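Take a look at the structure below.
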Amino acid sequence: MGKQKFFQEPSTVAGLAWGLHAPFREYIRRMSDGAMSALGDAEMRSSDETYFPLDPQSIPGQALRFTGTLQFTGHHGMLAVTIQDPWIEFREGAGVLTIVDPFDGGARMDVVAIDFQDDNTASTRLTEAGTDLFMGNYPEEIALDDLRILWAGKD
């Protein structure tokens, strides 16, 4: 699908809901010290998705920017996966979700390629750079959870 209408009118968007990857969440829950935390503006939902509200500084026509952090930890500090301030961008007709690069806080990391089925839901596939987030434990192109755009006054 082409560039979505919410890029022209971001004020109609309330936020982004994304669960990242159900098998990864289950893995974290099985660990004796595993933890999932929503930090900053992010909130955990009963659907196992994390809600990231729209950044009021999003500029129409550019990246759709969301705020907040989803953090997974475990293995006595040896495992840490952080999804911070996700943005949806379109480059050369393709969608990508980027986050603050956890290895270089001054940069952004492409985590998943996104394919919108409609104005609400998109499938996601892990990018090559996104494999680093999971220390190579998930291969490039693996399907992660769908993401959803939440609309102001509707969701």
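Identifiers for the structure tokens are assigned positionally: chains receive A, B, ... in sequence, residues are indexed from 1 per chain, and ligands are indexed from 1 in the order shown.
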For this session: Give the strand (DSSP E or B) residues of chain A, as assigned by DSSP on the backbone, as a PyMOL selection string.
Result: chain A and resi 13-18+35-39+43-44+50-54+64-66+69-74+79-84+87-91+94-100+108-116+121-126+143-151
For this session: Would you mind listing what lies within 8 Å of segment 77-93 of chain A as a PyMOL selection string, with only C-alpha atoms counted and same-chain residues fewer than 4 positions away left out?
Result: chain A and resi 2-3+52+62-73+97-100+102+133-134
Problem set entry | Selected residue of minimal separation from Ala143 of chain A among A:Ala17, A:Ile28, A:Ala22, A:Ala38, counting only C-alpha atoms |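 For Ala143 of chain A, the nearest of the candidates is A:Ala22.
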For this session: Tell me which protein, DNA and RNA residues are within 8 Å of Gly19 of chain A, counting only C-alpha atoms, leaving out same-chain ones fewer than 6 positions away, and put them as a list of chain:residue names.
Result: A:Asp48, A:Glu49, A:Thr50, A:Asp145, A:Asp146, A:Leu147
Exercise. Can you tell me, as a PyMOL selection string, what residues are no more than 9 Å from Trp151 of chain A when counting only C-alpha atoms, ignoring any on the same chain fewer than 2 positions away?
Worked result: chain A and resi 12-16+120+149+153-155
Please, could you write that set of residues out with all heavy atoms as an mmCIF file, in the first residue's frame?
data_model
loop_
_atom_site.group_PDB
_atom_site.id
_atom_site.type_symbol
_atom_site.label_atom_id
_atom_site.label_comp_id
_atom_site.auth_asym_id
_atom_site.auth_seq_id
_atom_site.Cartn_x
_atom_site.Cartn_y
_atom_site.Cartn_z
ATOM 1 N N THR A 12 -4.848 13.062 13.485
ATOM 2 C CA THR A 12 -5.922 12.081 13.608
ATOM 3 C C THR A 12 -5.428 10.776 14.229
ATOM 4 O O THR A 12 -6.221 9.902 14.541
ATOM 5 C CB THR A 12 -6.556 11.774 12.230
ATOM 6 O OG1 THR A 12 -5.554 11.242 11.375
ATOM 7 C CG2 THR A 12 -7.164 13.028 11.614
ATOM 8 N N VAL A 13 -4.124 10.641 14.413
ATOM 9 C CA VAL A 13 -3.527 9.428 14.976
ATOM 10 C C VAL A 13 -3.328 9.623 16.478
ATOM 11 O O VAL A 13 -2.808 10.638 16.924
ATOM 12 C CB VAL A 13 -2.169 9.129 14.296
ATOM 13 C CG1 VAL A 13 -1.460 7.975 14.982
ATOM 14 C CG2 VAL A 13 -2.372 8.854 12.816
ATOM 15 N N ALA A 14 -3.754 8.629 17.259
ATOM 16 C CA ALA A 14 -3.533 8.667 18.702
ATOM 17 C C ALA A 14 -2.211 8.000 19.070
ATOM 18 O O ALA A 14 -1.494 8.464 19.946
ATOM 19 C CB ALA A 14 -4.675 7.985 19.442
ATOM 20 N N GLY A 15 -1.897 6.887 18.388
ATOM 21 C CA GLY A 15 -0.680 6.178 18.741
ATOM 22 C C GLY A 15 -0.496 4.909 17.947
ATOM 23 O O GLY A 15 -1.214 4.625 16.988
ATOM 24 N N LEU A 16 0.475 4.150 18.398
ATOM 25 C CA LEU A 16 0.880 2.897 17.784
ATOM 26 C C LEU A 16 0.748 1.800 18.832
ATOM 27 O O LEU A 16 1.137 1.997 19.984
ATOM 28 C CB LEU A 16 2.348 3.011 17.343
ATOM 29 C CG LEU A 16 3.069 1.750 16.908
ATOM 30 C CD1 LEU A 16 2.569 1.308 15.532
ATOM 31 C CD2 LEU A 16 4.575 1.987 16.860
ATOM 32 N N ASN A 120 -5.048 0.787 9.245
ATOM 33 C CA ASN A 120 -4.932 0.429 10.655
ATOM 34 C C ASN A 120 -3.821 -0.562 10.949
ATOM 35 O O ASN A 120 -3.156 -0.449 11.960
ATOM 36 C CB ASN A 120 -6.247 -0.176 11.175
ATOM 37 C CG ASN A 120 -7.394 0.780 11.095
ATOM 38 O OD1 ASN A 120 -7.259 1.957 11.356
ATOM 39 N ND2 ASN A 120 -8.545 0.265 10.706
ATOM 40 N N ILE A 149 -2.140 1.086 13.954
ATOM 41 C CA ILE A 149 -2.280 2.520 14.166
ATOM 42 C C ILE A 149 -3.589 2.728 14.920
ATOM 43 O O ILE A 149 -4.630 2.199 14.526
ATOM 44 C CB ILE A 149 -2.317 3.283 12.823
ATOM 45 C CG1 ILE A 149 -1.027 3.052 12.038
ATOM 46 C CG2 ILE A 149 -2.589 4.767 13.040
ATOM 47 C CD1 ILE A 149 0.223 3.591 12.701
ATOM 48 N N GLY A 153 -10.037 9.278 19.143
ATOM 49 C CA GLY A 153 -11.490 9.194 19.274
ATOM 50 C C GLY A 153 -12.085 7.851 18.888
ATOM 51 O O GLY A 153 -13.293 7.656 19.024
ATOM 52 N N LYS A 154 -11.268 6.897 18.386
ATOM 53 C CA LYS A 154 -11.790 5.598 17.968
ATOM 54 C C LYS A 154 -11.244 4.442 18.791
ATOM 55 O O LYS A 154 -11.924 3.452 18.967
ATOM 56 C CB LYS A 154 -11.474 5.350 16.485
ATOM 57 C CG LYS A 154 -12.172 6.276 15.547
ATOM 58 C CD LYS A 154 -11.834 5.922 14.119
ATOM 59 C CE LYS A 154 -12.454 6.895 13.154
ATOM 60 N NZ LYS A 154 -12.088 6.608 11.780
ATOM 61 N N ASP A 155 -10.007 4.512 19.221
ATOM 62 C CA ASP A 155 -9.379 3.379 19.905
ATOM 63 C C ASP A 155 -9.115 3.673 21.364
ATOM 64 O O ASP A 155 -8.792 4.736 21.760
ATOM 65 C CB ASP A 155 -8.045 3.028 19.208
ATOM 66 C CG ASP A 155 -8.275 2.521 17.801
ATOM 67 O OD1 ASP A 155 -8.869 1.455 17.654
ATOM 68 O OD2 ASP A 155 -7.847 3.210 16.858
#
For this session: Identify, on the basis of only C-alpha atoms, every residue whose closest approach to Thr127 of chain A does not exceed 6 Å; exclude the query and any residue fewer than 4 positions from it along the same chain; express the result as a PyMOL selection string.
Result: chain A and resi 111-112+140
If you keep all heavy atoms, can you produce a file of those selected residues as a PDB file, in the first residue's frame?
ATOM      1  N   VAL A 111      14.293  -1.476  12.340  1.00  0.00           N
ATOM      2  CA  VAL A 111      14.016  -2.735  13.026  1.00  0.00           C
ATOM      3  C   VAL A 111      13.191  -3.667  12.156  1.00  0.00           C
ATOM      4  O   VAL A 111      13.531  -4.834  12.000  1.00  0.00           O
ATOM      5  CB  VAL A 111      13.297  -2.501  14.374  1.00  0.00           C
ATOM      6  CG1 VAL A 111      12.922  -3.811  15.037  1.00  0.00           C
ATOM      7  CG2 VAL A 111      14.167  -1.681  15.291  1.00  0.00           C
ATOM      8  N   VAL A 112      12.084  -3.148  11.616  1.00  0.00           N
ATOM      9  CA  VAL A 112      11.221  -3.991  10.794  1.00  0.00           C
ATOM     10  C   VAL A 112      10.776  -3.253   9.546  1.00  0.00           C
ATOM     11  O   VAL A 112      10.561  -2.040   9.566  1.00  0.00           O
ATOM     12  CB  VAL A 112       9.974  -4.501  11.557  1.00  0.00           C
ATOM     13  CG1 VAL A 112      10.348  -5.481  12.649  1.00  0.00           C
ATOM     14  CG2 VAL A 112       9.136  -3.368  12.119  1.00  0.00           C
ATOM     15  N   GLU A 140      16.830 -12.504   9.643  1.00  0.00           N
ATOM     16  CA  GLU A 140      16.259 -11.453   8.809  1.00  0.00           C
ATOM     17  C   GLU A 140      15.018 -12.001   8.104  1.00  0.00           C
ATOM     18  O   GLU A 140      14.980 -13.173   7.729  1.00  0.00           O
ATOM     19  CB  GLU A 140      17.295 -11.003   7.790  1.00  0.00           C
ATOM     20  CG  GLU A 140      16.834  -9.892   6.884  1.00  0.00           C
ATOM     21  CD  GLU A 140      17.895  -9.461   5.889  1.00  0.00           C
ATOM     22  OE1 GLU A 140      19.007 -10.010   5.898  1.00  0.00           O
ATOM     23  OE2 GLU A 140      17.589  -8.570   5.081  1.00  0.00           O
TER      24      GLU A 140
END
Problem set entry | Every residue of segment 2-148 of chain A that DSSP places in helix (DSSP H, G or I), as a PyMOL selection string | chain A and resi 5-7+10-12+22-30+75-77+128-133
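The smallest atom-to-atom distance between Asp110 of chain A and any of A:Ser46, A:Thr131, A:Asn137, A:Ser123, using only C-alpha atoms, is found for A:Thr131.
Comparing the minimum interatomic distances between Ala94 of chain A and each of A:Glu128, A:Glu141, A:Asp115, A:Asp33, counting only C-alpha atoms, we find that A:Asp115 sits nearest.
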